[in-house]
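Q: As input, take query.txt (compact mmCIF, C-alpha atoms):
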# COMPACT_ATOMS: atom_id res chain seq x y z
CA MET Y 1 54.73 11.05 27.33
CA THR Y 2 56.63 9.32 24.55
CA SER Y 3 55.40 8.53 21.10
CA PRO Y 4 55.91 5.09 19.57
CA VAL Y 5 58.86 4.61 17.24
CA PRO Y 6 58.32 3.06 13.81
CA GLY Y 7 58.29 -0.71 14.06
CA ASP Y 8 57.42 -0.60 17.77
CA PRO Y 9 54.67 -3.14 18.60
CA SER Y 10 52.71 -0.42 20.41
CA ASP Y 11 52.61 1.66 17.22
CA PRO Y 12 49.34 1.12 15.34
CA ALA Y 13 49.77 -0.47 11.93
CA PRO Y 14 49.96 1.98 9.04
CA THR Y 15 46.74 2.32 7.14
CA LEU Y 16 46.07 2.71 3.46
CA THR Y 17 42.79 2.92 1.60
CA VAL Y 18 42.36 2.80 -2.16
CA ASN Y 19 39.01 3.67 -3.68
CA VAL Y 20 38.32 3.07 -7.37
CA GLU Y 21 36.11 5.52 -9.25
CA LYS Y 22 35.14 5.04 -12.87
CA ARG Y 23 34.39 8.27 -14.72
CA GLN Y 24 32.08 8.78 -17.68
CA SER Y 25 35.06 10.06 -19.64
CA GLY Y 26 36.55 6.56 -19.58
CA ALA Y 27 39.10 7.51 -16.95
CA VAL Y 28 39.59 5.52 -13.78
CA VAL Y 29 40.61 7.33 -10.60
CA LEU Y 30 42.33 5.60 -7.71
CA ARG Y 31 41.90 7.77 -4.62
CA VAL Y 32 44.65 6.78 -2.22
CA SER Y 33 44.80 7.89 1.41
CA GLY Y 34 47.03 7.08 4.35
CA GLU Y 35 50.61 5.86 4.33
CA ILE Y 36 52.37 4.05 1.51
CA ASP Y 37 55.26 2.10 2.96
CA LEU Y 38 56.70 -1.42 2.89
CA VAL Y 39 53.64 -2.80 4.68
CA THR Y 40 50.93 -1.06 2.64
CA ALA Y 41 52.56 -0.78 -0.81
CA PRO Y 42 51.36 -4.26 -1.88
CA ARG Y 43 47.76 -3.11 -1.39
CA LEU Y 44 48.34 -0.20 -3.77
CA GLU Y 45 50.13 -2.47 -6.22
CA GLU Y 46 47.21 -4.92 -6.23
CA SER Y 47 44.70 -2.13 -6.88
CA VAL Y 48 46.73 -0.60 -9.70
CA THR Y 49 47.35 -3.99 -11.33
CA ARG Y 50 43.65 -4.85 -11.19
CA VAL Y 51 42.68 -1.54 -12.83
CA LEU Y 52 45.40 -1.71 -15.49
CA ALA Y 53 44.23 -5.21 -16.47
CA GLN Y 54 41.01 -3.52 -17.64
CA ARG Y 55 43.07 -1.26 -19.95
CA PRO Y 56 41.46 2.10 -19.17
CA GLU Y 57 42.33 4.95 -21.50
CA ILE Y 58 43.38 7.09 -18.52
CA LEU Y 59 44.37 6.06 -15.00
CA VAL Y 60 44.69 8.83 -12.42
CA VAL Y 61 46.28 7.91 -9.09
CA ASP Y 62 45.23 10.65 -6.67
CA LEU Y 63 47.76 10.90 -3.83
CA THR Y 64 46.24 14.06 -2.33
CA ASP Y 65 45.38 12.32 0.95
CA VAL Y 66 48.65 10.39 1.28
CA HIS Y 67 50.69 11.70 4.20
CA PHE Y 68 53.71 9.38 3.87
CA LEU Y 69 55.29 7.96 0.70
CA ALA Y 70 58.23 5.62 1.19
CA SER Y 71 60.52 4.15 -1.46
CA ALA Y 72 58.31 1.04 -1.62
CA GLY Y 73 55.44 3.25 -2.74
CA LEU Y 74 57.61 5.02 -5.30
CA SER Y 75 58.60 1.61 -6.67
CA VAL Y 76 54.94 0.64 -7.06
CA LEU Y 77 54.23 3.86 -8.96
CA VAL Y 78 57.18 3.36 -11.32
CA ALA Y 79 56.19 -0.27 -11.95
CA ALA Y 80 52.61 0.84 -12.63
CA HIS Y 81 53.84 3.49 -15.05
CA ASN Y 82 55.85 0.84 -16.89
CA GLN Y 83 52.93 -1.59 -16.85
CA ALA Y 84 50.60 1.06 -18.28
CA GLY Y 85 52.97 1.54 -21.20
CA GLU Y 86 51.34 2.67 -24.42
CA ASN Y 87 47.91 1.31 -23.48
CA THR Y 88 47.01 3.62 -20.61
CA ASP Y 89 47.81 7.26 -19.96
CA MET Y 90 48.82 7.16 -16.28
CA ARG Y 91 48.68 10.41 -14.33
CA LEU Y 92 49.53 11.14 -10.71
CA VAL Y 93 48.08 13.84 -8.48
CA ALA Y 94 50.80 14.91 -6.07
CA SER Y 95 51.20 18.34 -4.59
CA GLY Y 96 51.98 17.97 -0.90
CA SER Y 97 55.41 17.67 0.64
CA ALA Y 98 54.70 14.03 1.56
CA THR Y 99 54.18 13.02 -2.08
CA LEU Y 100 55.63 15.60 -4.44
CA ARG Y 101 58.91 16.10 -2.57
CA PRO Y 102 60.03 12.43 -2.72
CA MET Y 103 59.29 12.38 -6.44
CA GLU Y 104 61.31 15.55 -6.98
CA LEU Y 105 64.25 14.27 -4.92
CA THR Y 106 64.40 10.97 -6.80
CA GLY Y 107 63.97 12.50 -10.26
CA LEU Y 108 60.62 10.79 -10.78
CA ALA Y 109 58.90 14.14 -11.20
CA GLN Y 110 60.47 14.31 -14.67
CA ALA Y 111 59.61 10.73 -15.60
CA LEU Y 112 55.98 10.62 -14.44
CA GLN Y 113 53.00 12.80 -15.36
CA LEU Y 114 52.32 14.85 -12.22
CA TYR Y 115 49.40 17.20 -11.62
CA PRO Y 116 48.65 19.43 -8.63
CA THR Y 117 44.91 18.62 -8.58
CA LEU Y 118 42.57 15.85 -9.66
CA ARG Y 119 40.63 18.31 -11.79
CA GLU Y 120 43.74 19.22 -13.79
CA ALA Y 121 44.68 15.56 -14.22
CA LEU Y 122 41.24 14.77 -15.59
CA THR Y 123 40.98 17.78 -17.92
CA ASP Y 124 44.44 17.54 -19.49
CA ALA Y 125 44.10 16.61 -23.13
Mind turning the file's structure into structure tokens?
A:
Amino acid sequence: MTSPVPGDPSDPAPTLTVNVEKRQSGAVVLRVSGEIDLVTAPRLEESVTRVLAQRPEILVVDLTDVHFLASAGLSVLVAAHNQAGENTDMRLVASGSATLRPMELTGLAQALQLYPTLREALTDA
């Protein structure tokens, strides 16, 4: 039995879900799950842009349930960080090899605010 190769028509399309949660603390949490690649990155970008337009004090992008993060996804996160600017404190939850490792390899781990858990991202003062 062979497994489909990426881009093969028999390979199911990558999936990505983004759920928005507003917290009483004024923070907004985007819970992201699935794969962030060239096909799904625009969905993440749209969600982040919509939330940042509301100018929350804190935006936490929780990547705990992301099992693949391609360069297109990294680009979306960097653009979101730049878009947040001084208005919104943007924090990322990334601890698994699928999310933290690409950020470390590209040097983004030093440029972005990374947390190992959602709880730590929300309680950081």
Q: Give me the residues within 8 Å of region 74-77 of chain Y as a ChimeraX atom specification, counting all atoms listed in the file and dropping any in the same chain fewer than 2 places off.
A: /Y:41-42,44-45,69-72,79-81,103
Q: One decimal, in Å: what's the spacing between CA of Ala27 (chain Y) and CA of Glu46 (chain Y)?
A: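 Computing the Euclidean distance for CA of Ala27 (chain Y) and CA of Glu46 (chain Y) yields 18.3 Å.
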Q: Find the residues with any atom within 8 Å of (47.4, 11.0, 2.1); use all atoms listed in the file and the coordinates as given in the file, and write the answer as a list in words.
A: Val32, Ser33, Gly34, Glu35, Leu63, Thr64, Asp65, Val66, His67, Phe68 and Ala98 of chain Y
Q: Would you please work out which residue, of Y:Leu52, Y:Val20, Y:Val29, Y:Val61, is nearest to Gln83 (chain Y) when using all atoms listed in the file?
A: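 Going through Y:Leu52, Y:Val20, Y:Val29, Y:Val61 one by one, the smallest distance to Gln83 (chain Y) is for Y:Leu52.
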Q: Quick one, how far is CA of Arg55 (chain Y) from CA of Arg101 (chain Y)?
A: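 Result for CA of Arg55 (chain Y) versus CA of Arg101 (chain Y): 29.2 Å, one decimal.
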Q: I'd like the contact shell of Lys22 (chain Y) - 12 Å cut-off, all atoms listed in the file, skipping same-chain residues fewer than 3 positions apart - returned as a VMD selection string.
A: chain Y and resid 19 25 to 31 51 54 56 to 60 122
Q: Just give me the gap between CA of Ala94 (chain Y) and CA of Leu118 (chain Y) in Å, one decimal is fine.
A: 9.0 Å
Q: Here is a test: counting only C-alpha atoms, which residue of Y:Asn87, Y:Asn82, Y:Thr40, Y:Pro116 is nearest to Thr99 (chain Y)?
A: Y:Pro116
Q: In terms of the shortest atom-to-atom distance over only C-alpha atoms, which of Y:Thr106, Y:Gln113, Y:Gln24, Y:Thr49 is closest to Met90 (chain Y)?
A: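 Closest residue, counting only C-alpha atoms: Y:Gln113.
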Q: Taking all atoms of region 114-117 of chain Y that appear in the file, build a box with edges along x, y and z, extend it by 5 Å on every side, and state its centre and edge lengths in Å to one decimal, as lines of an AutoDock Vina configuration file.
A:
center_x = 48.6
center_y = 17.1
center_z = -10.4
size_x = 17.4
size_y = 14.6
size_z = 13.6
